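Undergrad: Got a structure for you, input.txt, holding compact mmCIF, C-alpha atoms and all ligand atoms.
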# COMPACT_ATOMS: atom_id res chain seq x y z
CA MET C 82 -154.01 -73.63 172.75
CA ALA C 83 -153.84 -70.98 175.49
CA ALA C 84 -152.09 -72.22 178.63
CA GLU C 85 -153.83 -72.25 182.00
CA LYS C 86 -153.04 -69.69 184.68
CA GLY C 87 -150.62 -70.89 187.35
CA ARG C 88 -149.05 -73.38 184.96
CA VAL C 89 -145.91 -71.54 183.93
CA VAL C 90 -142.69 -73.47 184.46
CA CYS C 91 -139.04 -73.15 183.53
CA VAL C 92 -137.07 -76.10 182.13
CA THR C 93 -133.29 -75.71 182.21
CA GLY C 94 -131.41 -77.60 179.51
CA ALA C 95 -134.54 -77.64 177.34
CA GLY C 96 -132.67 -78.76 174.21
CA GLY C 97 -131.10 -81.87 175.78
CA PHE C 98 -132.38 -85.46 175.51
CA VAL C 99 -134.38 -85.34 178.75
CA GLY C 100 -135.17 -81.62 178.51
CA SER C 101 -136.74 -81.96 175.06
CA TRP C 102 -139.12 -84.77 176.12
CA LEU C 103 -139.99 -82.93 179.30
CA VAL C 104 -140.84 -79.76 177.35
CA LYS C 105 -142.94 -81.81 174.92
CA HIS C 106 -144.80 -83.47 177.80
CA LEU C 107 -145.41 -80.17 179.61
CA LEU C 108 -146.70 -78.50 176.44
CA SER C 109 -149.07 -81.43 175.88
CA LYS C 110 -150.39 -80.87 179.41
CA ASN C 111 -151.11 -77.24 178.69
CA PHE C 112 -148.21 -75.70 180.60
CA THR C 113 -146.45 -72.56 179.43
CA VAL C 114 -142.74 -73.34 179.34
CA HIS C 115 -139.71 -71.07 179.67
CA GLY C 116 -136.96 -73.25 178.22
CA THR C 117 -133.31 -72.38 178.78
CA VAL C 118 -130.75 -73.21 176.10
CA ARG C 119 -127.23 -71.93 175.72
CA ASN C 120 -127.87 -70.71 172.21
CA PRO C 121 -131.47 -70.24 171.00
CA GLN C 122 -130.21 -69.64 167.43
CA ASP C 123 -128.29 -72.91 167.26
CA GLU C 124 -129.77 -75.44 164.82
CA LYS C 125 -129.45 -78.07 167.55
CA ASN C 126 -132.36 -76.47 169.41
CA ALA C 127 -134.58 -76.01 166.33
CA HIS C 128 -136.61 -79.16 167.10
CA LEU C 129 -138.11 -77.42 170.16
CA LYS C 130 -139.88 -74.86 168.01
CA SER C 131 -141.78 -77.52 166.09
CA LEU C 132 -143.19 -79.29 169.15
CA GLU C 133 -146.97 -79.25 169.42
CA ASN C 134 -148.19 -76.04 171.18
CA ALA C 135 -144.64 -74.59 171.08
CA SER C 136 -145.53 -71.57 168.97
CA GLU C 137 -148.00 -70.36 171.63
CA ASN C 138 -146.60 -71.77 174.86
CA LEU C 139 -142.83 -72.18 174.61
CA LYS C 140 -140.43 -69.31 175.08
CA LEU C 141 -136.71 -69.96 174.76
CA PHE C 142 -134.22 -68.08 176.93
CA LYS C 143 -130.47 -67.93 176.42
CA ALA C 144 -128.95 -69.00 179.73
CA ASP C 145 -125.80 -70.58 181.09
CA LEU C 146 -125.68 -72.28 184.48
CA LEU C 147 -122.76 -70.10 185.49
CA ASP C 148 -124.51 -66.89 184.43
CA TYR C 149 -126.81 -66.13 187.35
CA LYS C 150 -128.57 -63.19 185.70
CA SER C 151 -129.49 -65.22 182.63
CA LEU C 152 -131.13 -67.83 184.89
CA THR C 153 -133.08 -65.22 186.85
CA ALA C 154 -134.49 -63.79 183.61
CA ALA C 155 -135.67 -67.24 182.50
CA ILE C 156 -137.22 -68.17 185.86
CA ALA C 157 -139.01 -64.86 186.50
CA GLY C 158 -142.77 -65.23 186.10
CA CYS C 159 -142.73 -69.01 186.62
CA ASN C 160 -144.57 -71.06 189.25
CA GLY C 161 -141.99 -73.82 189.29
CA VAL C 162 -138.68 -74.96 187.81
CA PHE C 163 -137.48 -78.25 186.37
CA HIS C 164 -133.70 -78.28 186.53
CA THR C 165 -132.32 -80.79 184.01
CA ALA C 166 -129.23 -78.97 182.71
CA SER C 167 -125.91 -80.43 183.76
CA PRO C 168 -122.82 -81.55 181.90
CA VAL C 169 -123.19 -85.29 181.25
CA PRO C 170 -120.28 -87.76 181.44
CA SER C 171 -116.87 -86.62 180.59
CA GLY C 172 -113.75 -87.65 182.39
CA SER C 173 -113.09 -84.12 183.44
CA VAL C 174 -113.19 -82.51 186.86
CA GLU C 175 -114.40 -79.33 185.15
CA LEU C 176 -117.99 -80.51 185.13
CA ILE C 177 -118.26 -80.08 188.90
CA GLU C 178 -118.60 -76.30 188.80
CA PRO C 179 -121.51 -75.99 186.34
CA ALA C 180 -123.26 -78.94 188.02
CA VAL C 181 -122.92 -77.77 191.61
CA LYS C 182 -122.62 -73.99 191.39
CA GLY C 183 -125.07 -74.04 188.49
CA THR C 184 -127.69 -75.84 190.60
CA LEU C 185 -127.21 -73.39 193.45
CA ASN C 186 -127.51 -70.52 190.96
CA VAL C 187 -130.86 -71.94 189.80
CA LEU C 188 -132.08 -72.18 193.40
CA LYS C 189 -130.85 -68.68 194.30
CA ALA C 190 -132.59 -67.32 191.22
CA CYS C 191 -135.78 -69.08 192.38
CA CYS C 192 -135.50 -67.31 195.74
CA GLU C 193 -134.96 -63.95 194.07
CA VAL C 194 -138.08 -64.24 191.91
CA ASN C 195 -140.15 -66.06 194.53
CA VAL C 196 -140.42 -69.51 192.97
CA LYS C 197 -140.95 -72.11 195.66
CA LYS C 198 -141.16 -75.41 193.82
CA VAL C 199 -138.23 -77.07 192.06
CA VAL C 200 -137.82 -80.52 190.53
CA PHE C 201 -134.18 -81.47 190.16
CA VAL C 202 -133.00 -84.18 187.79
CA SER C 203 -130.35 -85.96 189.81
CA SER C 204 -129.15 -89.48 189.02
CA VAL C 205 -128.63 -92.92 190.39
CA ALA C 206 -125.02 -91.68 190.33
CA ALA C 207 -125.95 -89.78 193.51
CA ILE C 208 -127.35 -92.95 195.15
CA ALA C 209 -125.24 -95.96 194.39
CA VAL C 210 -121.56 -95.05 194.13
CA LEU C 211 -120.27 -96.25 197.46
CA PRO C 212 -118.13 -99.03 198.84
CA ASN C 213 -119.87 -102.08 200.32
CA LYS C 214 -123.17 -101.74 198.51
CA PRO C 215 -125.87 -104.11 199.72
CA THR C 216 -126.21 -107.11 197.41
CA ASP C 217 -129.16 -108.78 199.14
CA ARG C 218 -131.71 -106.03 198.46
CA PRO C 219 -132.18 -103.11 196.09
CA MET C 220 -131.02 -99.71 197.27
CA ASP C 221 -133.65 -97.04 197.94
CA GLU C 222 -133.65 -93.25 198.37
CA THR C 223 -131.98 -93.44 201.80
CA PHE C 224 -128.65 -94.27 200.12
CA TRP C 225 -126.22 -91.55 199.08
CA SER C 226 -123.09 -91.94 196.99
CA ASP C 227 -119.91 -91.37 198.94
CA PRO C 228 -118.12 -88.22 197.70
CA ASP C 229 -114.70 -89.44 198.91
CA PHE C 230 -115.20 -92.76 197.13
CA CYS C 231 -116.17 -90.87 193.91
CA ARG C 232 -113.07 -88.68 194.26
CA SER C 233 -110.77 -91.62 194.86
CA ASN C 234 -112.05 -93.17 191.62
CA ASN C 235 -111.83 -89.88 189.68
CA ASP C 236 -115.56 -90.33 189.12
CA TRP C 237 -116.28 -86.66 188.54
CA TYR C 238 -119.73 -87.10 187.04
CA CYS C 239 -120.98 -89.07 190.05
CA LEU C 240 -119.36 -86.58 192.38
CA SER C 241 -121.00 -83.70 190.48
CA LYS C 242 -124.48 -85.22 190.79
CA THR C 243 -124.01 -86.22 194.45
CA GLN C 244 -122.70 -82.83 195.49
CA ALA C 245 -125.26 -80.93 193.42
CA GLU C 246 -128.18 -82.88 194.88
CA SER C 247 -127.06 -82.78 198.51
CA GLU C 248 -126.21 -79.07 198.39
CA ALA C 249 -129.53 -78.41 196.66
CA PHE C 250 -131.42 -80.07 199.53
CA GLU C 251 -129.44 -78.11 202.13
CA PHE C 252 -130.02 -74.82 200.33
CA SER C 253 -133.72 -75.53 199.81
CA LYS C 254 -134.26 -76.41 203.46
CA ARG C 255 -132.66 -73.15 204.58
CA ASN C 256 -134.57 -71.07 202.06
CA GLY C 257 -138.09 -72.52 202.09
CA ILE C 258 -137.99 -74.15 198.65
CA ASP C 259 -139.99 -77.33 198.10
CA LEU C 260 -137.34 -79.41 196.31
CA LEU C 261 -138.10 -82.78 194.76
CA SER C 262 -135.32 -84.77 193.20
CA VAL C 263 -135.69 -87.57 190.67
CA CYS C 264 -132.77 -89.99 190.28
CA PRO C 265 -132.97 -91.87 186.98
CA THR C 266 -130.85 -94.83 185.95
CA LEU C 267 -129.72 -95.23 182.32
CA ILE C 268 -132.18 -93.28 180.16
CA ILE C 269 -132.93 -94.44 176.64
CA GLY C 270 -135.77 -93.91 174.19
CA PRO C 271 -136.42 -92.08 170.95
CA MET C 272 -134.45 -88.88 170.48
CA LEU C 273 -136.23 -85.61 169.72
CA GLN C 274 -132.96 -83.72 169.41
CA HIS C 275 -130.56 -84.27 166.50
CA THR C 276 -127.33 -84.21 168.45
CA MET C 277 -126.06 -87.31 170.19
CA ASN C 278 -126.34 -87.58 173.96
CA ALA C 279 -124.22 -89.87 176.10
CA SER C 280 -126.87 -92.40 177.18
CA SER C 281 -128.35 -92.90 173.69
CA LEU C 282 -124.82 -93.68 172.55
CA VAL C 283 -124.73 -96.67 174.94
CA LEU C 284 -127.54 -98.34 172.98
CA ILE C 285 -126.32 -97.17 169.58
CA LYS C 286 -122.91 -98.71 170.24
CA LEU C 287 -124.58 -102.07 170.88
CA LEU C 288 -126.03 -101.94 167.37
CA LYS C 289 -122.81 -100.89 165.68
CA GLU C 290 -120.13 -103.24 166.95
CA GLY C 291 -119.15 -100.52 169.39
CA TYR C 292 -117.90 -102.99 172.01
CA GLU C 293 -115.38 -105.75 171.47
CA GLU C 294 -116.51 -107.28 174.70
CA LEU C 295 -119.17 -106.29 177.16
CA GLU C 296 -119.35 -106.60 180.92
CA ASN C 297 -122.40 -108.73 181.68
CA ARG C 298 -123.62 -106.29 184.28
CA LEU C 299 -127.11 -105.58 185.50
CA ARG C 300 -128.42 -102.66 183.47
CA MET C 301 -131.08 -100.48 185.04
CA ILE C 302 -133.05 -98.72 182.34
CA VAL C 303 -135.80 -96.13 182.14
CA ASP C 304 -137.55 -94.73 179.06
CA VAL C 305 -137.07 -90.99 178.57
CA ARG C 306 -140.85 -90.57 178.09
CA ASP C 307 -141.63 -92.36 181.36
CA LEU C 308 -139.05 -90.15 183.07
CA ALA C 309 -140.74 -87.03 181.68
CA GLU C 310 -144.01 -88.27 183.17
CA ALA C 311 -142.32 -88.96 186.51
CA LEU C 312 -140.93 -85.42 186.64
CA VAL C 313 -144.34 -83.88 186.07
CA LEU C 314 -145.98 -86.34 188.47
CA VAL C 315 -143.73 -85.34 191.38
CA TYR C 316 -144.29 -81.68 190.49
CA GLU C 317 -148.07 -82.02 190.50
CA LYS C 318 -148.66 -84.36 193.43
CA PRO C 319 -148.88 -82.31 196.64
CA GLU C 320 -147.85 -85.32 198.72
CA ALA C 321 -144.57 -85.79 196.82
CA ASN C 322 -141.49 -85.24 198.97
CA GLY C 323 -137.73 -85.66 198.84
CA ARG C 324 -135.98 -88.04 196.46
CA TYR C 325 -137.41 -90.49 193.92
CA ILE C 326 -135.42 -93.19 192.16
CA CYS C 327 -136.70 -93.60 188.60
CA THR C 328 -135.98 -96.94 186.99
CA SER C 329 -138.10 -99.52 185.19
CA HIS C 330 -136.14 -102.50 183.92
CA LEU C 331 -133.37 -104.60 185.36
CA ILE C 332 -131.62 -106.65 182.70
CA ARG C 333 -128.19 -108.20 182.17
CA SER C 334 -126.21 -106.81 179.20
CA LYS C 335 -126.28 -110.25 177.58
CA GLU C 336 -130.08 -110.51 177.83
CA LEU C 337 -130.43 -106.98 176.48
CA VAL C 338 -128.35 -107.92 173.46
CA GLN C 339 -130.44 -111.08 172.99
CA MET C 340 -133.63 -109.03 173.10
CA LEU C 341 -132.28 -106.57 170.51
CA LYS C 342 -131.08 -109.41 168.30
CA LYS C 343 -134.55 -110.92 168.27
CA LEU C 344 -136.07 -107.57 167.27
CA TYR C 345 -133.32 -106.53 164.84
CA PRO C 346 -131.34 -109.60 163.79
CA ALA C 347 -129.17 -107.96 161.14
CA TYR C 348 -127.10 -105.57 163.27
CA LYS C 349 -123.66 -106.60 164.48
CA TYR C 350 -123.82 -107.20 168.22
CA PRO C 351 -121.09 -107.92 170.74
CA ASN C 352 -120.78 -111.63 171.42
CA LYS C 353 -118.07 -111.65 174.08
CA PHE C 354 -119.26 -111.00 177.62
CA THR C 355 -117.10 -110.65 180.70
CA ASP C 356 -118.15 -111.37 184.26
CA PRO C 357 -119.73 -108.44 186.06
CA ASN C 358 -117.75 -106.42 188.52
CA GLY C 359 -120.20 -106.50 191.46
CA ILE C 360 -123.99 -106.61 191.30
CA PHE C 361 -126.39 -104.11 192.81
CA SER C 362 -129.78 -102.68 192.02
CA VAL C 363 -132.10 -99.84 192.99
CA THR C 364 -135.86 -99.68 193.36
CA SER C 365 -138.52 -97.21 192.23
CA GLU C 366 -141.16 -98.40 194.68
CA LYS C 367 -141.55 -94.93 196.17
CA LEU C 368 -142.29 -93.43 192.76
CA GLN C 369 -144.71 -96.24 191.92
CA ARG C 370 -146.57 -95.61 195.18
CA LEU C 371 -147.05 -92.04 193.95
CA GLY C 372 -148.80 -93.40 190.85
CA TRP C 373 -145.97 -93.80 188.33
CA SER C 374 -146.01 -96.62 185.81
CA TYR C 375 -143.85 -97.41 182.82
CA ARG C 376 -143.94 -98.99 179.40
CA PRO C 377 -142.47 -102.39 178.44
CA LEU C 378 -138.78 -102.51 177.56
CA GLU C 379 -139.51 -103.91 174.12
CA GLU C 380 -141.47 -100.77 173.23
CA THR C 381 -138.57 -98.58 174.39
CA LEU C 382 -136.05 -100.55 172.34
CA VAL C 383 -138.15 -100.54 169.16
CA ASP C 384 -138.97 -96.83 169.40
CA SER C 385 -135.31 -96.02 170.11
CA VAL C 386 -133.92 -98.02 167.20
CA GLU C 387 -136.56 -96.63 164.84
CA SER C 388 -135.63 -93.09 165.88
CA TYR C 389 -131.89 -93.80 165.33
CA LYS C 390 -132.71 -95.22 161.89
CA GLN C 391 -134.78 -92.18 161.02
CA SER C 392 -131.96 -89.80 161.89
CA GLY C 393 -129.34 -91.95 160.16
CA LEU C 394 -127.47 -92.82 163.36
CA VAL C 395 -127.71 -96.50 162.54
CA GLY C 396 -128.25 -97.97 159.08
CA ASP C 397 -131.40 -99.70 157.95
CA GLU C 398 -130.80 -103.35 158.63
N1 LIG V 401 -129.09 -89.72 180.18
C1 LIG V 401 -128.96 -90.46 181.28
O1 LIG V 401 -128.81 -91.70 181.22
C2 LIG V 401 -129.06 -89.80 182.62
C3 LIG V 401 -129.17 -90.62 183.75
C4 LIG V 401 -129.33 -90.03 185.00
C5 LIG V 401 -129.39 -88.65 185.10
N2 LIG V 401 -129.27 -87.88 184.00
C6 LIG V 401 -129.36 -86.43 184.16
O2 LIG V 401 -130.36 -85.95 183.28
C7 LIG V 401 -130.09 -84.59 182.94
C8 LIG V 401 -130.22 -84.40 181.44
O3 LIG V 401 -129.27 -85.21 180.79
P1 LIG V 401 -129.44 -85.71 179.28
O4 LIG V 401 -129.26 -87.17 179.27
O5 LIG V 401 -130.65 -85.09 178.71
O6 LIG V 401 -128.12 -85.11 178.60
P2 LIG V 401 -127.93 -83.99 177.48
O7 LIG V 401 -128.77 -84.29 176.32
O8 LIG V 401 -126.46 -83.89 177.29
O9 LIG V 401 -128.48 -82.69 178.18
C9 LIG V 401 -127.73 -81.93 179.07
C10 LIG V 401 -128.21 -80.51 178.99
O10 LIG V 401 -127.48 -79.70 179.93
C11 LIG V 401 -127.11 -78.51 179.29
N3 LIG V 401 -125.92 -77.94 179.90
C12 LIG V 401 -124.75 -78.54 180.17
N4 LIG V 401 -123.90 -77.64 180.72
C13 LIG V 401 -124.57 -76.45 180.78
C14 LIG V 401 -124.23 -75.15 181.23
N5 LIG V 401 -123.03 -74.85 181.71
N6 LIG V 401 -125.17 -74.17 181.14
C15 LIG V 401 -126.38 -74.45 180.62
N7 LIG V 401 -126.76 -75.66 180.18
C16 LIG V 401 -125.86 -76.65 180.26
C17 LIG V 401 -126.85 -78.93 177.85
O11 LIG V 401 -126.90 -77.79 177.03
P3 LIG V 401 -126.12 -77.73 175.62
O12 LIG V 401 -127.02 -78.45 174.67
O13 LIG V 401 -125.97 -76.30 175.35
O14 LIG V 401 -124.81 -78.45 175.81
C18 LIG V 401 -128.00 -79.89 177.62
O15 LIG V 401 -129.18 -79.20 177.27
C19 LIG V 401 -128.69 -84.29 183.50
O16 LIG V 401 -128.85 -83.59 184.70
C20 LIG V 401 -128.12 -85.67 183.77
O17 LIG V 401 -127.16 -85.66 184.81
C21 LIG V 401 -129.11 -88.41 182.75
Spit out the file's structure as structure tokens when you get a sec.
TA:
Amino acid sequence: MAAEKGRVVCVTGAGGFVGSWLVKHLLSKNFTVHGTVRNPQDEKNAHLKSLENASENLKLFKADLLDYKSLTAAIAGCNGVFHTASPVPSGSVELIEPAVKGTLNVLKACCEVNVKKVVFVSSVAAIAVLPNKPTDRPMDETFWSDPDFCRSNNDWYCLSKTQAESEAFEFSKRNGIDLLSVCPTLIIGPMLQHTMNASSLVLIKLLKEGYEELENRLRMIVDVRDLAEALVLVYEKPEANGRYICTSHLIRSKELVQMLKKLYPAYKYPNKFTDPNGIFSVTSEKLQRLGWSYRPLEETLVDSVESYKQSGLVGDE
């Protein structure tokens, strides 16, 4: 199907867990997509080419976040950018540079080729990593993680997201870019890509005796497909502004395990739970006021487990 004029967007990190669902959603909405991947020939990105409408409306570009020219080539000719690419958890301080400098490179490239609208995938990691969190009410978009606190805990991923998002807002303000950021909590859901991503592993480990004991913390969960819809919603709604927390379900680890057990009784689940180390939560009220809604958790869990079974990541029961 031919794409409509004015609906050309770039998605960085197109082959990742979030990127793949976002590309799929955009193609289904008749956008033309410039997807950046580090290696278009790599088998790990092959799934993108078989998405519906991909043969007509998806063009893959080889780009690295630290290679400014490669980003400019991918963004040229677009009306907007969705920036999802970022190194996801590793204990290493090295992820700061691609996350922070990479985000600024994306924004500079937007300026160079006159793109004015950018949706940035940030994280609750940029909201809720701070000392003395409120426990009597959920945190909203006015909260920012404390970079010194992240540093003192060697929490490089949270620091990378906090710094990337705050510098992105500063840069955008100075340079006339309309920046929207979406801050998801733990993202799960069926995988389109064949390589494992960090957040899917959290759920897979629950099904495979991956934890001897589990902290009975409050888990905040969003479905990757609902996130993809949120990203496009903030892009399309002219009244959208600033930051949006994206989360759907608040559930204790123990209840999550009980829910999975009911659905899939034969897997080997953790049965030792430790007391949680502090309780806090965040709210997506702002995003819901914009018109966002989400599917039930049970649907997310079933679709996730079925997708892991299909790709052999967990056995049939
Ligand atoms: N999953 C979650 O629970 C969660 C929660 C909150 C926020 N987020 C955010 O969501 C976004 C997507 O994460 P994800 O869960 O989809 O993880 P993912 O599957 O690991 O995707 C990350 C993507 O970033 C790309 N990337 C990393 N470093 C890069 C670099 N130097 N240059 C170009 N591309 C680079 C990766 O490309 P390669 O495939 O080439 O490595 C991959 O496509 C990230 O910004 C993450 O911080 C995720």
Undergrad: Could you state the separation of atom CA of Cys192 of chain C and atom CA of Leu371 of chain C in Å, given to one decimal place?
TA: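 If I compute the distance from atom CA of Cys192 of chain C to atom CA of Leu371 of chain C, I get 27.4 Å.
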Undergrad: Could you list, with a cut-off of 7 Å and counting only C-alpha atoms and all ligand atoms, the residues of chain C near ligand LIG 401 (chain V), each shown with its nearest atom pair and the distance in Å rounded to one decimal, rows sorted by chain and ascending number, as CSV?
TA:
residue,atom,partner,partner_atom,distance
C:Thr93,CA,V:LIG401,N7,6.8
C:Gly94,CA,V:LIG401,O15,3.5
C:Ala95,CA,V:LIG401,O15,5.6
C:Gly96,CA,V:LIG401,O15,4.7
C:Gly97,CA,V:LIG401,O7,3.4
C:Phe98,CA,V:LIG401,O5,3.7
C:Val99,CA,V:LIG401,O5,3.7
C:Gly100,CA,V:LIG401,O5,5.7
C:Val118,CA,V:LIG401,O13,5.7
C:Arg119,CA,V:LIG401,O13,4.6
C:Asn120,CA,V:LIG401,O13,6.7
C:Ala144,CA,V:LIG401,C15,6.1
C:Asp145,CA,V:LIG401,N6,3.6
C:Leu146,CA,V:LIG401,N6,3.9
C:Leu147,CA,V:LIG401,N5,6.1
C:Thr165,CA,V:LIG401,O16,4.5
C:Ala166,CA,V:LIG401,O10,3.4
C:Ser167,CA,V:LIG401,O10,4.2
C:Pro168,CA,V:LIG401,C12,4.0
C:Val169,CA,V:LIG401,O8,5.3
C:Pro179,CA,V:LIG401,N5,5.0
C:Val202,CA,V:LIG401,O16,5.2
C:Ser203,CA,V:LIG401,C5,5.5
C:Ser204,CA,V:LIG401,C5,4.0
C:Val205,CA,V:LIG401,C4,6.2
C:Lys242,CA,V:LIG401,O17,6.6
C:Cys264,CA,V:LIG401,C4,6.3
C:Pro265,CA,V:LIG401,C4,4.5
C:Thr266,CA,V:LIG401,C3,5.0
C:Leu267,CA,V:LIG401,O1,3.8
C:Ile268,CA,V:LIG401,O1,3.9
C:Ile269,CA,V:LIG401,O1,6.7
C:Asn278,CA,V:LIG401,O7,4.7
C:Ala279,CA,V:LIG401,N1,6.4
C:Ser280,CA,V:LIG401,O1,4.5
Undergrad: Tell me, as a PyMOL selection string, which residues lie within 10 Å of Trp225 of chain C, counting only C-alpha atoms; anything in the same chain fewer than 3 positions away does not count.
TA: chain C and resi 205-211+220-222+228+243+246-247
Undergrad: Could you pull out every residue with an atom within 10 Å of (-117.0, -115.4, 183.4), file coordinates, counting all atoms listed in the file, and send them as a PyMOL selection string?
TA: chain C and resi 296-297+354-357
Undergrad: Which one of C:Leu129, C:Gly372, C:Lys214, C:His115 sits closest to Glu317 of chain C if you count all atoms listed in the file?
TA: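 That would be C:Gly372, the residue with the smallest distance to Glu317 of chain C.
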